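Below is one structure, written out as structure tokens; the observations come after it.
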Amino acid sequence: MTRVALAFSGGLDTTVCVPLLEEEYGYDDVIGVTVDVGQPAAEFDEAEETAEALGLDHYVVDARAEFAQLCLESVRANATYQGYPLGTALARPVIAEAILEVAEEQDCTGIAHGCTGKGNDQLRFEAVWRDSDLEVIAPVRELGLTREWEQEYADEKGLPVEGGSGGDWSIDTNIWSRSVEGDDLEDPSYVPPRDIYEWTDEPTGETEEIEIEFEQGYPVAVDGEAYEPVDLIQYLNDLAGGYGVGRTDTMEDRMLGLKVRENYEHPGATTLLNAHEALEGLVLTQEERQFKQQIDQQWAQKGYEGLIDAPLVSALEGFIAETQKRVTGTVTIRFEGGQARPVARDSDFAAYSAEHASFDTETVGKITQEDATGVAKYHGFQRRLANEAIAANATEDEIELATDGSGGDASKASGSSSELRSDVDE
């Protein structure tokens with residue numbers, strides 16, 4: 001007997017996939033697998049009811065702890081994609097791994113999803129599944145199905161669906177973020193109604209301050225109370241969301257080259273990312289911060305692609321782990337006007353001295369203010385040389401244009417070579 005495991009949500013796409021896997025692909029048995037990464041309880045009820053109506057063996061896997069830990073790894077990497085925290089992207093590999101485990105345990109020969117050929121999720125799922133020996137099947141993509149065709153097919157077959165997404169919008173939720181897309185939102189000029197948001201309230205004049213504690217880059221406590229990762233994220237979602245924190249309306253560039261309009265809510269993620277970056281600013285050196293921006297960008301890109309287990313990511317995390325040894329301390333966040341703003345930070349590893357930075361002290365340790373004179377003379381020296389050479393070799397037309405444009409003489413602006421040499425010789 002041939003058996004296939006289907007990533008199952010109970011929505012229109014995955015519901016029509018059940019008979020199609022039997023009729024079009026010849027499978028004798030289909031099992032459904034739903035993975036919990038923090039969706040609302042109603043989604044599991046829908047999946048369970050639909051599976052029962054279809055006579056489908058249904059497995060539910062709790063992967064919230066694994067997903068939450070990955071979310072906190074993304075905090076250490078300051079991971080955002082085109083300005084928003086990665087939520088759906090990070091969840092997909094976790095979901096795919098859980099489904100693959102069930103498929104192998106149940107002796108499946110195939111594994112399937114209901115993604116279209118236009119989105120990112122097909123790539124994220126299959127990047128995990130194609131490491132196995134199972135046949136990978138994508139009925140919606142391979143058969144070129146549309147939502148209209150699926151609904152007609154469901155009506156014809158008497159399948160237990162109620163219009164697909166259950167509303168005007170296509171919504172994906174996990175503990176790290178909530179995405180809303182589709183229908184009128186596909187028009188970039190359309191202003192979304194307030195009711196698309198569930199996690200975030202409209203900002204008011206109210207404010208609140210909290211203190212977040214980090215240990216080696218991981219957030220571990222809020223206002224002195226320790227939390228496990230799942231509970232920490234959910235607590236901050238509720239708290240920060242009440243102040244309107246964490247809304248993103250963006251034109252997103254997908255992996256396949258399509259540009260799409262996406263709306264996201266991510267109050268807890270925004271709070272933790274802002275706090276973490278503020279603490280890094282206190283403890284890391286300038287060179288570390290500059291280089292880590294490149295590392296973080298690469299980590300986020302692989303996370304967006306669903307390739308978080310790539311060798312490159314392991315190498316990137318080696319650098320991240322070394323820097324995070326000192327990212328221990330506290331950050332005070334103020335919720336205000338829809339923002340989660342760092343207003344204080346403290347760490348025993350601070351690469352900072354208030355005494356040295358103060359304008360009320362004459363010296364910086366053994367360094368006097370006069371010691372900066374030589375540095376000031378050299379600062380911009382190559383620029384001055386370059387501008388002099390440009391001015392010396394300028395044509396009459398260029399000189400006239402430069403004079404008209406600036407109101408001054410180009411040669412005077414650049415300085416003479418004797419002046420430059422005098423600067424250095426002093």
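FYI, nothing fancy with the structure tokens labels: chains A, B, ... in order, residues from 1 per chain, ligands from 1 as they appear.
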Shell around stretch 73-86 of chain A at 6 Å using only C-alpha atoms, local window under 4 positions removed, as a ChimeraX atom specification: /A:217,273,296,300
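The residue set within 10 Å of A:Leu256, counting only C-alpha atoms and dropping same-chain residues fewer than 6 places from it, reads Gly117, Lys118, Gly119, Asn120 and Leu123 of chain A.
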Taking a cut-off of 12 Å and counting only C-alpha atoms, can you build a table that, for each residue of stretch 283-380 of chain A near stretch 385-394 of chain A, reports the nearest atom pair and how far apart they are in Å (one decimal), sorted by chain then residue number, as CSV?
residue,atom,partner,partner_atom,distance
A:Tyr378,CA,A:Leu385,CA,11.3
A:His379,CA,A:Leu385,CA,11.8
A:Gly380,CA,A:Leu385,CA,8.9
Just write the chosen residues, C-alpha atoms, as an mmCIF file, in the first residue's frame.
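So again15.cif came out as:
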data_model
loop_
_atom_site.group_PDB
_atom_site.id
_atom_site.type_symbol
_atom_site.label_atom_id
_atom_site.label_comp_id
_atom_site.auth_asym_id
_atom_site.auth_seq_id
_atom_site.Cartn_x
_atom_site.Cartn_y
_atom_site.Cartn_z
ATOM 1 C CA TYR A 378 45.390 64.111 9.088
ATOM 2 C CA HIS A 379 41.611 63.668 9.009
ATOM 3 C CA GLY A 380 40.415 64.361 5.466
#
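Ranking A:Lys325, A:Arg92, A:Arg3, A:Lys366 by their shortest atom-to-atom distance to A:Thr34, with only C-alpha atoms included, puts A:Arg92 first.
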List the neighbours of stretch 222-226 of chain A out to 9 Å using only C-alpha atoms; skip same-chain residues closer than 3 positions along the sequence, and give me the result as a list in words.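 Counting only the stated atoms, we get Ile210, Glu211, Ile212, Glu213, Pro219, Leu232 and Leu236 of chain A.
Note that the spacing between atom CA of A:Glu252 and atom CA of A:Phe125 amounts to 19.7 Å.
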Can you pull out every residue within 10 Å of A:Gly32, counting only C-alpha atoms, but drop anything in the same chain fewer than 2 positions away, and send it as number ranges by chain? A: 4-10, 14-15, 18, 30, 34, 47-48, 51, 56-60, 99, 102-103, 112
Minimum-distance residue to A:Val35, chosen among A:Leu12, A:Ala240, A:Ala65, A:Ala98 (using only C-alpha atoms):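 Selected residue with least distance to A:Val35: A:Ala98.
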Mind pulling up the distance from atom CA of A:Glu317 to atom CA of A:Glu288? 14.0 Å
Quick one: of A:Gln297, A:Thr271, A:Gln151, A:Thr146, who's nearest to A:Gly241, counting only C-alpha atoms? A:Thr271
Quick one, how far is atom CA of A:Val283 from atom CA of A:Thr248?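 Atom-to-atom, atom CA of A:Val283 and atom CA of A:Thr248 are spaced 29.0 Å apart.
When only C-alpha atoms are used to compute distances to A:Leu239, the closest of the residues A:Ile95, A:Ala340, A:Ile320, A:Leu20 turns out to be A:Ala340.
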Select from stretch 292-344 of chain A everything DSSP, run on the backbone, classes as strand (DSSP E or B), then give the selection as a CSV table (one decimal) with all heavy atoms, in the first residue's frame.
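What landed in result-v5.csv:
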chain,number,residue,atom,x,y,z
A,329,GLY,N,23.2,41.5,30.0
A,329,GLY,CA,22.8,42.7,30.7
A,329,GLY,C,21.3,43.0,30.6
A,329,GLY,O,20.5,42.1,30.3
A,330,THR,N,20.9,44.2,30.8
A,330,THR,CA,19.5,44.6,30.8
A,330,THR,C,19.3,45.8,29.9
A,330,THR,O,20.2,46.6,29.7
A,330,THR,CB,19.0,45.0,32.2
A,330,THR,OG1,19.8,46.1,32.7
A,330,THR,CG2,19.1,43.8,33.1
A,331,VAL,N,18.1,45.9,29.3
A,331,VAL,CA,17.7,47.0,28.5
A,331,VAL,C,16.3,47.4,28.9
A,331,VAL,O,15.4,46.6,29.1
A,331,VAL,CB,17.7,46.6,27.0
A,331,VAL,CG1,17.2,47.8,26.1
A,331,VAL,CG2,19.1,46.2,26.5
A,332,THR,N,16.1,48.7,29.1
A,332,THR,CA,14.8,49.2,29.5
A,332,THR,C,14.1,49.7,28.2
A,332,THR,O,14.7,50.5,27.4
A,332,THR,CB,14.9,50.4,30.4
A,332,THR,OG1,15.6,50.0,31.6
A,332,THR,CG2,13.5,51.0,30.8
A,333,ILE,N,13.0,49.2,27.9
A,333,ILE,CA,12.2,49.5,26.7
A,333,ILE,C,11.0,50.3,27.1
A,333,ILE,O,10.3,50.0,28.1
A,333,ILE,CB,11.7,48.2,26.0
A,333,ILE,CG1,12.9,47.5,25.4
A,333,ILE,CG2,10.6,48.5,25.0
A,333,ILE,CD1,13.5,48.2,24.1
A,334,ARG,N,10.8,51.4,26.4
A,334,ARG,CA,9.5,52.2,26.6
A,334,ARG,C,8.6,52.0,25.5
A,334,ARG,O,8.9,52.2,24.3
A,334,ARG,CB,9.9,53.7,26.7
A,334,ARG,CG,8.7,54.6,26.9
A,334,ARG,CD,9.0,56.0,27.0
A,334,ARG,NE,9.8,56.3,28.2
A,334,ARG,CZ,10.6,57.3,28.4
A,334,ARG,NH1,10.7,58.2,27.5
A,334,ARG,NH2,11.3,57.5,29.6
A,335,PHE,N,7.4,51.6,25.8
A,335,PHE,CA,6.3,51.5,24.8
A,335,PHE,C,5.6,52.8,24.7
A,335,PHE,O,5.1,53.3,25.6
A,335,PHE,CB,5.3,50.4,25.2
A,335,PHE,CG,5.9,49.0,25.3
A,335,PHE,CD1,5.7,48.3,26.5
A,335,PHE,CD2,6.6,48.5,24.2
A,335,PHE,CE1,6.3,47.0,26.6
A,335,PHE,CE2,7.1,47.2,24.3
A,335,PHE,CZ,7.0,46.5,25.5
A,336,GLU,N,5.7,53.4,23.5
A,336,GLU,CA,5.2,54.8,23.3
A,336,GLU,C,4.9,55.1,21.9
A,336,GLU,O,5.8,54.9,21.0
A,336,GLU,CB,6.3,55.8,23.8
A,336,GLU,CG,5.9,57.2,23.8
A,336,GLU,CD,7.0,58.1,24.5
A,336,GLU,OE1,8.1,57.8,24.2
A,336,GLU,OE2,6.6,59.0,25.2
A,339,GLN,N,5.8,52.4,19.3
A,339,GLN,CA,7.2,52.1,19.2
A,339,GLN,C,7.6,51.4,20.5
A,339,GLN,O,7.0,51.6,21.6
A,339,GLN,CB,8.0,53.3,19.0
A,339,GLN,CG,7.7,54.2,17.8
A,339,GLN,CD,7.9,53.5,16.5
A,339,GLN,OE1,8.9,52.8,16.3
A,339,GLN,NE2,6.9,53.6,15.6
A,340,ALA,N,8.6,50.5,20.3
A,340,ALA,CA,9.3,49.9,21.5
A,340,ALA,C,10.7,50.4,21.5
A,340,ALA,O,11.6,49.9,20.8
A,340,ALA,CB,9.3,48.4,21.3
A,341,ARG,N,10.9,51.5,22.3
A,341,ARG,CA,12.1,52.3,22.2
A,341,ARG,C,13.1,52.0,23.3
A,341,ARG,O,12.7,52.1,24.5
A,341,ARG,CB,11.8,53.8,22.1
A,341,ARG,CG,12.9,54.7,21.8
A,341,ARG,CD,12.4,56.1,21.4
A,341,ARG,NE,11.6,56.7,22.4
A,341,ARG,CZ,12.1,57.5,23.4
A,341,ARG,NH1,13.4,57.7,23.5
A,341,ARG,NH2,11.2,58.1,24.2
A,342,PRO,N,14.3,51.6,23.1
A,342,PRO,CA,15.3,51.5,24.2
A,342,PRO,C,15.6,52.8,24.8
A,342,PRO,O,15.9,53.8,24.1
A,342,PRO,CB,16.5,50.9,23.5
A,342,PRO,CG,16.0,50.4,22.1
A,342,PRO,CD,14.9,51.2,21.8
A,343,VAL,N,15.4,52.9,26.1
A,343,VAL,CA,15.7,54.2,26.8
A,343,VAL,C,16.8,54.0,27.8
A,343,VAL,O,17.3,55.1,28.4
A,343,VAL,CB,14.4,54.8,27.4
A,343,VAL,CG1,13.4,55.2,26.4
A,343,VAL,CG2,13.8,53.7,28.4
A,344,ALA,N,17.3,52.8,28.1
A,344,ALA,CA,18.4,52.6,29.0
A,344,ALA,C,19.0,51.2,28.8
A,344,ALA,O,18.2,50.3,28.3
A,344,ALA,CB,17.9,52.8,30.5
Surrounding residues of A:Glu66 excluding itself and chain neighbours under 4 positions, 9 Å, only C-alpha atoms, as a PyMOL selection string: chain A and resi 37+62+70-71+94
A:Pro160, A:Ala275, A:Leu72, A:Asp131 ranked by distance to A:Asp309, top pick (using only C-alpha atoms):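 Closest candidate: A:Asp131.
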Using DSSP on the backbone, list every residue of stretch 217-405 of chain A that comes out as alpha helix (DSSP H), and give them as a count of residues only. 97
